[in-house]
Protein chains: 2
Amino acid sequence: MTTQNPPTKFYYWEDFFLNQTIECGPYTVTEEEILEFAQKYDPQRFHVNKDSAELTIFKGLIASGWQTAGLMMRMVCDGFMLSSSSTGSPGIDSLKWLKPVRPGDTLKTVVEVLETRALNSKPTIGMVKTRWSCYNQHDELTTTIEAWNMFEKRPVSV
Amino acid sequence: MTTQNPPTKFYYWEDFFLNQTIECGPYTVTEEEILEFAQKYDPQRFHVNKDSAELTIFKGLIASGWQTAGLMMRMVCDGFMLSSSSTGSPGIDSLKWLKPVRPGDTLKTVVEVLETRALNSKPTIGMVKTRWSCYNQHDELTTTIEAWNMFEKRPVSV
């Protein structure tokens, strides 16, 4: 699985700034992977069975919202996170599932920096708050996430 | 994958009430599934490689937070969601990764009802807000989620 061209730089905490945007993806979702994820993590009838899904308000198979979040994470990993000093995340302030993701959809995730914050308690680490907006091939917004991430600061030259 | 005894009742919206708690799980996490999830969805070094993970602040392999959320979803599915009139979720108000989940951890998820709300716009559906608290085998809180879910109301007898 590869979602795009690799990033051309390495991101430390200092490389993030207010209103910066980074486009991640695209990634095309298959029916097979929707069923595979749902069977293990979220076997509700609209995620795990095409025929049953037709009878629900979704009128067809849709990806588990947790899988969409996972695919956004992968797009963000390939977009910049793997080429960064990321040391994990304390959590998410908001996650909205606005529109279902269906087999064959091609997604992209636009990351926008909302806030950067230094930590008095940890002088080598800073926080970055970002909004992740996941669009499908019709430019419809499917999912938004507001996430906090920790990044190491750029090492001081000696 | 089965996480527990099946629920003994079917839950409509009317069956949820303030401060109700439902215990879901347990589920024991394997190293193999941590690596498998991370390779596809979140290939950061502390999720995807034991040796690299030793060198990070986590000092060992940890599950992607998105996988922990997925495993909580599965425990909740088996605990009551699959035996309910659930019609999906509009989103999450908060998700906190408080403590890493590691290979061999045995998790349980306690669901507590925070609010129930009827919808004027959709008379057949109601909303339920819940807090999901995921504990490990040491009774340490690893993850919390505050989720909104939609449930169909109990059909009116004729």
# chains A, B, ... in the order shown; residues from 1 in each chain; ligands from 1

$ calpha_fit_and_write --fixed "chain A" --moving "chain B" --output "short mmCIF file (atom, residue, chain, number, x, y, z; two decimals) with N, CA and C atoms, in the first residue's frame"
data_model
loop_
_atom_site.label_atom_id
_atom_site.label_comp_id
_atom_site.auth_asym_id
_atom_site.auth_seq_id
_atom_site.Cartn_x
_atom_site.Cartn_y
_atom_site.Cartn_z
N MET B 1 0.82 -1.26 0.04
CA MET B 1 -0.03 -0.06 0.03
C MET B 1 0.85 1.18 0.05
N THR B 2 0.72 2.00 -0.98
CA THR B 2 1.41 3.29 -0.99
C THR B 2 0.38 4.32 -1.40
N THR B 3 0.36 5.43 -0.73
CA THR B 3 -0.73 6.37 -1.01
C THR B 3 -0.28 7.58 -1.83
N GLN B 4 1.00 7.80 -2.00
CA GLN B 4 1.39 9.00 -2.74
C GLN B 4 2.90 9.13 -2.87
N ASN B 5 3.31 10.23 -3.45
CA ASN B 5 4.74 10.53 -3.50
C ASN B 5 5.27 10.77 -2.10
N PRO B 6 6.50 10.37 -1.84
CA PRO B 6 7.05 10.60 -0.49
C PRO B 6 7.30 12.08 -0.25
N PRO B 7 7.26 12.50 1.02
CA PRO B 7 7.56 13.90 1.32
C PRO B 7 9.02 14.21 1.01
N THR B 8 9.28 15.47 0.74
CA THR B 8 10.63 15.86 0.32
C THR B 8 11.44 16.45 1.47
N LYS B 9 10.87 16.51 2.68
CA LYS B 9 11.59 17.09 3.80
C LYS B 9 11.32 16.29 5.07
N PHE B 10 12.08 16.57 6.11
CA PHE B 10 11.85 15.96 7.42
C PHE B 10 11.28 17.04 8.33
N TYR B 11 10.19 16.75 9.00
CA TYR B 11 9.47 17.73 9.82
C TYR B 11 9.81 17.58 11.30
N TYR B 12 10.42 18.60 11.87
CA TYR B 12 10.50 18.75 13.33
C TYR B 12 9.35 19.65 13.79
N TRP B 13 9.18 19.80 15.11
CA TRP B 13 8.09 20.62 15.62
C TRP B 13 8.14 22.04 15.03
N GLU B 14 9.36 22.56 14.88
CA GLU B 14 9.49 23.94 14.39
C GLU B 14 9.03 24.11 12.94
N ASP B 15 8.85 23.02 12.22
CA ASP B 15 8.48 23.10 10.81
C ASP B 15 6.98 23.21 10.58
N PHE B 16 6.20 23.19 11.67
CA PHE B 16 4.74 23.36 11.55
C PHE B 16 4.38 24.80 11.92
N PHE B 17 3.44 25.38 11.17
CA PHE B 17 3.03 26.76 11.45
C PHE B 17 1.54 26.91 11.17
N LEU B 18 0.95 27.92 11.82
CA LEU B 18 -0.49 28.15 11.75
C LEU B 18 -0.97 28.25 10.30
N ASN B 19 -2.07 27.57 10.01
CA ASN B 19 -2.73 27.58 8.69
C ASN B 19 -1.96 26.82 7.61
N GLN B 20 -0.80 26.24 7.94
CA GLN B 20 -0.09 25.38 7.00
C GLN B 20 -1.02 24.23 6.58
N THR B 21 -1.00 23.88 5.30
CA THR B 21 -1.78 22.71 4.86
C THR B 21 -0.87 21.73 4.14
N ILE B 22 -1.14 20.45 4.35
CA ILE B 22 -0.39 19.38 3.69
C ILE B 22 -1.43 18.41 3.13
N GLU B 23 -1.38 18.17 1.81
CA GLU B 23 -2.35 17.26 1.20
C GLU B 23 -1.77 15.85 1.17
N CYS B 24 -2.53 14.89 1.66
CA CYS B 24 -2.07 13.51 1.77
C CYS B 24 -3.01 12.60 0.98
N GLY B 25 -2.46 11.53 0.43
CA GLY B 25 -3.21 10.60 -0.40
C GLY B 25 -2.83 10.81 -1.86
N PRO B 26 -3.63 10.33 -2.82
CA PRO B 26 -4.94 9.69 -2.67
C PRO B 26 -4.84 8.20 -2.31
N TYR B 27 -5.99 7.65 -1.94
CA TYR B 27 -6.08 6.22 -1.68
C TYR B 27 -7.46 5.72 -2.09
N THR B 28 -7.49 4.65 -2.88
CA THR B 28 -8.76 4.09 -3.34
C THR B 28 -9.13 2.86 -2.52
N VAL B 29 -10.33 2.89 -1.97
CA VAL B 29 -10.80 1.87 -1.02
C VAL B 29 -11.46 0.72 -1.80
N THR B 30 -11.12 -0.52 -1.42
CA THR B 30 -11.72 -1.68 -2.08
C THR B 30 -12.80 -2.31 -1.20
N GLU B 31 -13.74 -2.97 -1.85
CA GLU B 31 -14.78 -3.71 -1.11
C GLU B 31 -14.13 -4.77 -0.23
N GLU B 32 -13.10 -5.43 -0.76
CA GLU B 32 -12.45 -6.51 -0.02
C GLU B 32 -11.90 -6.01 1.33
N GLU B 33 -11.25 -4.85 1.31
CA GLU B 33 -10.66 -4.38 2.57
C GLU B 33 -11.71 -3.84 3.53
N ILE B 34 -12.82 -3.32 3.00
CA ILE B 34 -13.93 -2.91 3.88
C ILE B 34 -14.47 -4.12 4.63
N LEU B 35 -14.69 -5.23 3.90
CA LEU B 35 -15.22 -6.44 4.53
C LEU B 35 -14.21 -7.03 5.52
N GLU B 36 -12.93 -7.02 5.15
CA GLU B 36 -11.89 -7.61 6.00
C GLU B 36 -11.79 -6.86 7.33
N PHE B 37 -11.75 -5.53 7.27
CA PHE B 37 -11.68 -4.73 8.49
C PHE B 37 -12.92 -4.98 9.36
N ALA B 38 -14.08 -4.94 8.71
CA ALA B 38 -15.34 -5.03 9.46
C ALA B 38 -15.49 -6.38 10.15
N GLN B 39 -15.06 -7.45 9.47
CA GLN B 39 -15.18 -8.78 10.10
C GLN B 39 -14.42 -8.84 11.40
N LYS B 40 -13.29 -8.14 11.47
CA LYS B 40 -12.48 -8.21 12.69
C LYS B 40 -12.89 -7.14 13.72
N TYR B 41 -13.15 -5.92 13.25
CA TYR B 41 -13.27 -4.81 14.20
C TYR B 41 -14.67 -4.24 14.38
N ASP B 42 -15.54 -4.39 13.40
CA ASP B 42 -16.81 -3.66 13.46
C ASP B 42 -17.87 -4.37 12.62
N PRO B 43 -18.29 -5.59 13.08
CA PRO B 43 -19.18 -6.40 12.22
C PRO B 43 -20.64 -6.00 12.26
N GLN B 44 -20.93 -4.70 12.20
CA GLN B 44 -22.31 -4.25 12.06
C GLN B 44 -22.76 -4.53 10.61
N ARG B 45 -24.08 -4.73 10.45
CA ARG B 45 -24.58 -5.28 9.18
C ARG B 45 -24.30 -4.38 7.99
N PHE B 46 -24.18 -3.07 8.22
CA PHE B 46 -23.92 -2.17 7.09
C PHE B 46 -22.44 -2.11 6.72
N HIS B 47 -21.58 -2.80 7.50
CA HIS B 47 -20.15 -2.85 7.19
C HIS B 47 -19.70 -4.21 6.66
N VAL B 48 -20.47 -5.27 6.97
CA VAL B 48 -19.92 -6.62 6.84
C VAL B 48 -20.64 -7.46 5.79
N ASN B 49 -21.76 -6.97 5.27
CA ASN B 49 -22.55 -7.81 4.37
C ASN B 49 -23.29 -6.93 3.37
N LYS B 50 -23.01 -7.13 2.09
CA LYS B 50 -23.59 -6.28 1.05
C LYS B 50 -25.11 -6.34 1.03
N ASP B 51 -25.65 -7.56 1.14
CA ASP B 51 -27.10 -7.71 1.04
C ASP B 51 -27.81 -7.06 2.22
N SER B 52 -27.28 -7.31 3.43
CA SER B 52 -27.89 -6.70 4.62
C SER B 52 -27.76 -5.18 4.55
N ALA B 53 -26.62 -4.71 4.06
CA ALA B 53 -26.38 -3.26 3.99
C ALA B 53 -27.39 -2.56 3.09
N GLU B 54 -27.86 -3.26 2.06
CA GLU B 54 -28.85 -2.67 1.14
C GLU B 54 -30.14 -2.31 1.87
N LEU B 55 -30.44 -3.04 2.93
CA LEU B 55 -31.70 -2.86 3.64
C LEU B 55 -31.63 -1.78 4.71
N THR B 56 -30.45 -1.20 4.93
CA THR B 56 -30.29 -0.18 5.97
C THR B 56 -30.45 1.23 5.39
N ILE B 57 -30.39 2.23 6.29
CA ILE B 57 -30.49 3.62 5.82
C ILE B 57 -29.36 3.99 4.89
N PHE B 58 -28.27 3.21 4.88
CA PHE B 58 -27.13 3.53 4.03
C PHE B 58 -27.29 2.98 2.61
N LYS B 59 -28.24 2.07 2.42
CA LYS B 59 -28.58 1.51 1.09
C LYS B 59 -27.34 0.99 0.36
N GLY B 60 -26.49 0.29 1.11
CA GLY B 60 -25.30 -0.32 0.50
C GLY B 60 -24.17 -0.38 1.51
N LEU B 61 -23.15 -1.14 1.14
CA LEU B 61 -22.02 -1.36 2.03
C LEU B 61 -21.24 -0.06 2.27
N ILE B 62 -20.91 0.22 3.54
CA ILE B 62 -20.05 1.38 3.85
C ILE B 62 -18.91 0.93 4.76
N ALA B 63 -17.79 1.65 4.68
CA ALA B 63 -16.63 1.34 5.53
C ALA B 63 -16.93 1.71 6.97
N SER B 64 -16.43 0.93 7.92
CA SER B 64 -16.46 1.33 9.33
C SER B 64 -15.79 2.70 9.46
N GLY B 65 -16.37 3.55 10.27
CA GLY B 65 -15.75 4.86 10.49
C GLY B 65 -14.35 4.74 11.08
N TRP B 66 -14.11 3.67 11.83
CA TRP B 66 -12.77 3.45 12.40
C TRP B 66 -11.78 3.08 11.30
N GLN B 67 -12.26 2.38 10.27
CA GLN B 67 -11.37 2.08 9.14
C GLN B 67 -11.05 3.36 8.38
N THR B 68 -12.05 4.21 8.17
CA THR B 68 -11.78 5.49 7.48
C THR B 68 -10.73 6.27 8.26
N ALA B 69 -10.87 6.32 9.59
CA ALA B 69 -9.86 7.01 10.41
C ALA B 69 -8.48 6.37 10.22
N GLY B 70 -8.44 5.03 10.17
CA GLY B 70 -7.18 4.33 9.95
C GLY B 70 -6.58 4.65 8.58
N LEU B 71 -7.43 4.72 7.57
CA LEU B 71 -6.92 5.05 6.23
C LEU B 71 -6.42 6.49 6.18
N MET B 72 -7.10 7.38 6.90
CA MET B 72 -6.61 8.77 6.99
C MET B 72 -5.24 8.79 7.66
N MET B 73 -5.11 7.98 8.74
CA MET B 73 -3.81 7.89 9.43
C MET B 73 -2.73 7.44 8.45
N ARG B 74 -3.06 6.43 7.60
CA ARG B 74 -2.05 5.94 6.65
C ARG B 74 -1.67 7.02 5.63
N MET B 75 -2.68 7.76 5.16
CA MET B 75 -2.37 8.84 4.22
C MET B 75 -1.49 9.88 4.89
N VAL B 76 -1.78 10.19 6.15
CA VAL B 76 -0.98 11.18 6.90
C VAL B 76 0.43 10.64 7.16
N CYS B 77 0.53 9.34 7.48
CA CYS B 77 1.87 8.73 7.65
C CYS B 77 2.71 8.93 6.39
N ASP B 78 2.13 8.55 5.25
CA ASP B 78 2.89 8.64 4.00
C ASP B 78 3.09 10.09 3.58
N GLY B 79 2.15 10.96 3.95
CA GLY B 79 2.24 12.36 3.55
C GLY B 79 3.34 13.13 4.27
N PHE B 80 3.51 12.88 5.59
CA PHE B 80 4.59 13.56 6.32
C PHE B 80 4.96 12.91 7.64
N MET B 81 4.06 12.15 8.24
CA MET B 81 4.30 11.71 9.62
C MET B 81 5.51 10.77 9.72
N LEU B 82 5.67 9.89 8.73
CA LEU B 82 6.81 8.97 8.78
C LEU B 82 8.13 9.70 8.53
N SER B 83 8.03 10.87 7.95
CA SER B 83 9.21 11.69 7.70
C SER B 83 9.20 12.87 8.68
N SER B 84 9.01 12.53 9.96
CA SER B 84 8.93 13.56 10.99
C SER B 84 9.46 13.00 12.30
N SER B 85 9.55 13.89 13.30
CA SER B 85 10.01 13.50 14.64
C SER B 85 8.84 13.14 15.54
N SER B 86 7.72 12.68 14.95
CA SER B 86 6.52 12.33 15.73
C SER B 86 6.82 11.38 16.87
N THR B 87 6.28 11.69 18.04
CA THR B 87 6.39 10.76 19.17
C THR B 87 5.02 10.38 19.70
N GLY B 88 4.05 10.34 18.80
CA GLY B 88 2.73 9.85 19.19
C GLY B 88 1.72 10.95 19.44
N SER B 89 0.57 10.55 19.94
CA SER B 89 -0.56 11.48 20.12
C SER B 89 -1.27 11.20 21.43
N PRO B 90 -1.62 12.27 22.17
CA PRO B 90 -2.41 12.06 23.38
C PRO B 90 -3.90 11.88 23.10
N GLY B 91 -4.34 12.25 21.88
CA GLY B 91 -5.75 12.05 21.59
C GLY B 91 -6.32 12.97 20.54
N ILE B 92 -7.63 12.90 20.45
CA ILE B 92 -8.43 13.52 19.40
C ILE B 92 -9.49 14.38 20.08
N ASP B 93 -9.65 15.63 19.62
CA ASP B 93 -10.69 16.47 20.22
C ASP B 93 -12.05 16.27 19.57
N SER B 94 -12.06 15.81 18.32
CA SER B 94 -13.33 15.70 17.60
C SER B 94 -13.12 14.78 16.41
N LEU B 95 -14.09 13.94 16.15
CA LEU B 95 -14.06 13.07 14.96
C LEU B 95 -15.49 13.03 14.44
N LYS B 96 -15.69 13.49 13.21
CA LYS B 96 -17.06 13.53 12.66
C LYS B 96 -17.14 12.68 11.40
N TRP B 97 -18.09 11.76 11.41
CA TRP B 97 -18.35 10.96 10.21
C TRP B 97 -19.53 11.61 9.48
N LEU B 98 -19.22 12.39 8.45
CA LEU B 98 -20.21 13.24 7.81
C LEU B 98 -20.90 12.55 6.65
N LYS B 99 -20.17 11.69 5.97
CA LYS B 99 -20.70 11.04 4.76
C LYS B 99 -20.05 9.67 4.66
N PRO B 100 -20.81 8.62 4.33
CA PRO B 100 -20.22 7.28 4.28
C PRO B 100 -19.12 7.16 3.21
N VAL B 101 -18.16 6.28 3.49
CA VAL B 101 -17.14 5.89 2.52
C VAL B 101 -17.54 4.52 1.97
N ARG B 102 -17.56 4.43 0.64
CA ARG B 102 -18.06 3.22 -0.02
C ARG B 102 -16.98 2.57 -0.89
N PRO B 103 -17.16 1.29 -1.24
CA PRO B 103 -16.18 0.61 -2.09
C PRO B 103 -15.93 1.41 -3.37
N GLY B 104 -14.67 1.56 -3.74
CA GLY B 104 -14.31 2.28 -4.96
C GLY B 104 -14.06 3.75 -4.75
N ASP B 105 -14.41 4.29 -3.57
CA ASP B 105 -14.15 5.71 -3.32
C ASP B 105 -12.65 5.99 -3.31
N THR B 106 -12.28 7.12 -3.88
CA THR B 106 -10.89 7.57 -3.83
C THR B 106 -10.80 8.76 -2.89
N LEU B 107 -10.03 8.58 -1.83
CA LEU B 107 -9.98 9.55 -0.73
C LEU B 107 -8.68 10.35 -0.78
N LYS B 108 -8.76 11.59 -0.29
CA LYS B 108 -7.55 12.34 0.05
C LYS B 108 -7.78 12.99 1.40
N THR B 109 -6.70 13.28 2.10
CA THR B 109 -6.80 13.88 3.43
C THR B 109 -5.98 15.16 3.45
N VAL B 110 -6.65 16.27 3.72
CA VAL B 110 -5.97 17.55 3.81
C VAL B 110 -5.75 17.87 5.30
N VAL B 111 -4.48 18.06 5.66
CA VAL B 111 -4.13 18.36 7.05
C VAL B 111 -3.85 19.86 7.17
N GLU B 112 -4.51 20.51 8.14
CA GLU B 112 -4.33 21.96 8.34
C GLU B 112 -3.89 22.17 9.79
N VAL B 113 -2.85 22.99 9.96
CA VAL B 113 -2.35 23.23 11.32
C VAL B 113 -3.22 24.29 11.99
N LEU B 114 -3.80 23.93 13.16
CA LEU B 114 -4.68 24.83 13.91
C LEU B 114 -3.95 25.54 15.04
N GLU B 115 -2.91 24.90 15.58
CA GLU B 115 -2.23 25.46 16.76
C GLU B 115 -0.90 24.74 16.95
N THR B 116 0.11 25.47 17.39
CA THR B 116 1.35 24.82 17.84
C THR B 116 1.63 25.32 19.25
N ARG B 117 2.17 24.44 20.08
CA ARG B 117 2.32 24.78 21.49
C ARG B 117 3.58 24.12 22.04
N ALA B 118 4.44 24.91 22.67
CA ALA B 118 5.60 24.35 23.37
C ALA B 118 5.16 23.83 24.73
N LEU B 119 5.90 22.89 25.28
CA LEU B 119 5.55 22.32 26.59
C LEU B 119 6.61 22.72 27.60
N ASN B 120 6.19 23.44 28.64
CA ASN B 120 7.14 23.77 29.71
C ASN B 120 7.67 22.51 30.38
N SER B 121 6.80 21.50 30.49
CA SER B 121 7.18 20.29 31.23
C SER B 121 8.15 19.41 30.45
N LYS B 122 8.15 19.55 29.11
CA LYS B 122 9.02 18.71 28.27
C LYS B 122 9.71 19.60 27.24
N PRO B 123 10.89 20.13 27.58
CA PRO B 123 11.51 21.13 26.72
C PRO B 123 11.94 20.61 25.34
N THR B 124 12.05 19.30 25.17
CA THR B 124 12.49 18.78 23.87
C THR B 124 11.33 18.45 22.94
N ILE B 125 10.10 18.63 23.42
CA ILE B 125 8.93 18.21 22.65
C ILE B 125 7.94 19.36 22.53
N GLY B 126 7.26 19.45 21.37
CA GLY B 126 6.18 20.41 21.20
C GLY B 126 4.93 19.72 20.68
N MET B 127 3.80 20.41 20.85
CA MET B 127 2.52 19.85 20.42
C MET B 127 2.06 20.58 19.15
N VAL B 128 1.34 19.86 18.31
CA VAL B 128 0.72 20.46 17.12
C VAL B 128 -0.72 19.96 17.05
N LYS B 129 -1.66 20.91 16.95
CA LYS B 129 -3.05 20.51 16.73
C LYS B 129 -3.40 20.70 15.27
N THR B 130 -3.99 19.67 14.67
CA THR B 130 -4.32 19.72 13.26
C THR B 130 -5.76 19.30 13.02
N ARG B 131 -6.34 19.80 11.93
CA ARG B 131 -7.62 19.29 11.44
C ARG B 131 -7.34 18.46 10.19
N TRP B 132 -7.83 17.22 10.21
CA TRP B 132 -7.70 16.34 9.05
C TRP B 132 -9.05 16.28 8.35
N SER B 133 -9.11 16.66 7.09
CA SER B 133 -10.36 16.65 6.32
C SER B 133 -10.23 15.63 5.20
N CYS B 134 -11.10 14.63 5.22
CA CYS B 134 -11.03 13.55 4.23
C CYS B 134 -12.12 13.75 3.18
N TYR B 135 -11.72 13.95 1.95
CA TYR B 135 -12.65 14.16 0.83
C TYR B 135 -12.69 12.93 -0.06
N ASN B 136 -13.86 12.69 -0.68
CA ASN B 136 -13.93 11.63 -1.68
C ASN B 136 -13.72 12.21 -3.10
N GLN B 137 -13.89 11.34 -4.11
CA GLN B 137 -13.61 11.74 -5.50
C GLN B 137 -14.59 12.79 -6.02
N HIS B 138 -15.69 13.01 -5.30
CA HIS B 138 -16.65 14.06 -5.69
C HIS B 138 -16.40 15.34 -4.90
N ASP B 139 -15.26 15.41 -4.21
CA ASP B 139 -14.94 16.56 -3.34
C ASP B 139 -15.94 16.75 -2.21
N GLU B 140 -16.59 15.66 -1.85
CA GLU B 140 -17.48 15.69 -0.68
C GLU B 140 -16.66 15.38 0.56
N LEU B 141 -16.92 16.14 1.63
CA LEU B 141 -16.21 15.93 2.89
C LEU B 141 -16.82 14.72 3.59
N THR B 142 -16.02 13.66 3.78
CA THR B 142 -16.55 12.44 4.40
C THR B 142 -16.30 12.43 5.90
N THR B 143 -15.16 12.95 6.34
CA THR B 143 -14.73 12.75 7.72
C THR B 143 -13.82 13.90 8.13
N THR B 144 -13.97 14.39 9.36
CA THR B 144 -13.00 15.34 9.91
C THR B 144 -12.49 14.84 11.26
N ILE B 145 -11.24 15.11 11.51
CA ILE B 145 -10.61 14.74 12.78
C ILE B 145 -9.83 15.96 13.26
N GLU B 146 -9.96 16.31 14.55
CA GLU B 146 -9.07 17.32 15.14
C GLU B 146 -8.15 16.61 16.11
N ALA B 147 -6.88 16.55 15.76
CA ALA B 147 -5.91 15.70 16.46
C ALA B 147 -4.80 16.52 17.09
N TRP B 148 -4.30 16.03 18.23
CA TRP B 148 -3.08 16.55 18.82
C TRP B 148 -1.94 15.57 18.56
N ASN B 149 -0.80 16.09 18.13
CA ASN B 149 0.38 15.24 17.97
C ASN B 149 1.58 15.86 18.65
N MET B 150 2.48 15.01 19.12
CA MET B 150 3.73 15.45 19.75
C MET B 150 4.88 15.24 18.75
N PHE B 151 5.73 16.26 18.65
CA PHE B 151 6.91 16.16 17.79
C PHE B 151 8.14 16.62 18.57
N GLU B 152 9.25 15.92 18.38
CA GLU B 152 10.50 16.39 18.97
C GLU B 152 10.93 17.68 18.28
N LYS B 153 11.57 18.55 19.06
CA LYS B 153 12.11 19.78 18.48
C LYS B 153 13.40 19.47 17.72
N ARG B 154 13.76 20.40 16.82
CA ARG B 154 14.99 20.24 16.04
C ARG B 154 16.19 20.23 17.00
N PRO B 155 17.09 19.26 16.82
CA PRO B 155 18.27 19.21 17.70
C PRO B 155 19.08 20.50 17.58
N VAL B 156 19.59 20.96 18.70
CA VAL B 156 20.40 22.18 18.71
C VAL B 156 21.79 21.84 18.16
N SER B 157 22.24 22.63 17.20
CA SER B 157 23.59 22.41 16.65
C SER B 157 24.62 22.77 17.70
N VAL B 158 25.72 22.03 17.76
CA VAL B 158 26.77 22.34 18.74
C VAL B 158 28.03 22.77 18.02
#

$ select_by_dssp --residues "chain A" --states "alpha helix (DSSP H)" --output "VMD selection string"
chain A and resid 31 to 41 45 to 48 50 to 54 65 to 79

$ write_last_selection --atoms "N, CA and C atoms" --output "short mmCIF file (atom, residue, chain, number, x, y, z; two decimals), in the first residue's frame"
data_model
loop_
_atom_site.label_atom_id
_atom_site.label_comp_id
_atom_site.auth_asym_id
_atom_site.auth_seq_id
_atom_site.Cartn_x
_atom_site.Cartn_y
_atom_site.Cartn_z
N GLU A 31 -13.75 -2.99 -1.85
CA GLU A 31 -14.78 -3.72 -1.10
C GLU A 31 -14.14 -4.79 -0.21
N GLU A 32 -13.11 -5.44 -0.76
CA GLU A 32 -12.45 -6.52 -0.01
C GLU A 32 -11.90 -6.02 1.33
N GLU A 33 -11.26 -4.85 1.31
CA GLU A 33 -10.67 -4.38 2.57
C GLU A 33 -11.72 -3.84 3.54
N ILE A 34 -12.83 -3.33 2.99
CA ILE A 34 -13.93 -2.92 3.88
C ILE A 34 -14.48 -4.13 4.64
N LEU A 35 -14.70 -5.23 3.91
CA LEU A 35 -15.23 -6.44 4.54
C LEU A 35 -14.22 -7.03 5.53
N GLU A 36 -12.93 -7.02 5.16
CA GLU A 36 -11.89 -7.61 6.01
C GLU A 36 -11.78 -6.86 7.34
N PHE A 37 -11.77 -5.52 7.27
CA PHE A 37 -11.69 -4.73 8.50
C PHE A 37 -12.92 -4.97 9.36
N ALA A 38 -14.10 -4.93 8.72
CA ALA A 38 -15.35 -5.03 9.47
C ALA A 38 -15.50 -6.37 10.16
N GLN A 39 -15.06 -7.44 9.48
CA GLN A 39 -15.18 -8.76 10.10
C GLN A 39 -14.41 -8.84 11.41
N LYS A 40 -13.30 -8.13 11.48
CA LYS A 40 -12.49 -8.20 12.70
C LYS A 40 -12.89 -7.14 13.73
N TYR A 41 -13.15 -5.92 13.27
CA TYR A 41 -13.27 -4.80 14.22
C TYR A 41 -14.68 -4.26 14.39
N ARG A 45 -24.09 -4.73 10.44
CA ARG A 45 -24.58 -5.28 9.17
C ARG A 45 -24.31 -4.38 7.97
N PHE A 46 -24.19 -3.08 8.21
CA PHE A 46 -23.92 -2.18 7.07
C PHE A 46 -22.44 -2.11 6.71
N HIS A 47 -21.59 -2.80 7.50
CA HIS A 47 -20.15 -2.84 7.19
C HIS A 47 -19.71 -4.21 6.67
N VAL A 48 -20.46 -5.25 6.98
CA VAL A 48 -19.92 -6.61 6.84
C VAL A 48 -20.64 -7.45 5.80
N LYS A 50 -22.99 -7.12 2.09
CA LYS A 50 -23.57 -6.28 1.04
C LYS A 50 -25.10 -6.33 1.01
N ASP A 51 -25.64 -7.55 1.13
CA ASP A 51 -27.10 -7.71 1.03
C ASP A 51 -27.80 -7.06 2.23
N SER A 52 -27.29 -7.31 3.42
CA SER A 52 -27.89 -6.69 4.60
C SER A 52 -27.76 -5.18 4.55
N ALA A 53 -26.62 -4.71 4.05
CA ALA A 53 -26.38 -3.26 3.99
C ALA A 53 -27.39 -2.56 3.09
N GLU A 54 -27.85 -3.25 2.05
CA GLU A 54 -28.84 -2.66 1.13
C GLU A 54 -30.13 -2.30 1.87
N GLY A 65 -16.39 3.56 10.26
CA GLY A 65 -15.77 4.87 10.49
C GLY A 65 -14.37 4.74 11.07
N TRP A 66 -14.12 3.67 11.82
CA TRP A 66 -12.79 3.45 12.39
C TRP A 66 -11.79 3.08 11.30
N GLN A 67 -12.28 2.38 10.26
CA GLN A 67 -11.39 2.08 9.14
C GLN A 67 -11.06 3.36 8.37
N THR A 68 -12.05 4.21 8.17
CA THR A 68 -11.78 5.49 7.49
C THR A 68 -10.73 6.28 8.26
N ALA A 69 -10.88 6.31 9.59
CA ALA A 69 -9.87 7.00 10.41
C ALA A 69 -8.50 6.35 10.22
N GLY A 70 -8.46 5.02 10.16
CA GLY A 70 -7.19 4.32 9.95
C GLY A 70 -6.59 4.63 8.59
N LEU A 71 -7.43 4.70 7.56
CA LEU A 71 -6.92 5.04 6.22
C LEU A 71 -6.42 6.48 6.17
N MET A 72 -7.11 7.38 6.89
CA MET A 72 -6.61 8.77 6.99
C MET A 72 -5.25 8.77 7.67
N MET A 73 -5.12 7.98 8.75
CA MET A 73 -3.82 7.87 9.44
C MET A 73 -2.75 7.42 8.46
N ARG A 74 -3.06 6.42 7.60
CA ARG A 74 -2.06 5.93 6.65
C ARG A 74 -1.68 7.02 5.63
N MET A 75 -2.70 7.75 5.16
CA MET A 75 -2.38 8.83 4.23
C MET A 75 -1.50 9.88 4.89
N VAL A 76 -1.79 10.18 6.16
CA VAL A 76 -1.00 11.16 6.91
C VAL A 76 0.41 10.63 7.17
N CYS A 77 0.53 9.33 7.48
CA CYS A 77 1.85 8.71 7.66
C CYS A 77 2.70 8.91 6.41
N ASP A 78 2.12 8.54 5.25
CA ASP A 78 2.88 8.64 4.00
C ASP A 78 3.09 10.09 3.59
N GLY A 79 2.14 10.96 3.97
CA GLY A 79 2.22 12.36 3.57
C GLY A 79 3.32 13.13 4.28
#

$ select_by_dssp --residues "stretch 20-116 of chain A" --states "strand (DSSP E)" --output "list in words"
Thr21, Ile22, Glu23, Cys24, Gly25, Pro26, Tyr27, Thr28, Gly91, Ile92, Asp93, Ser94, Leu95, Lys96, Trp97, Thr106, Leu107, Lys108, Thr109, Val110, Val111, Glu112, Val113, Leu114, Glu115 and Thr116 of chain A
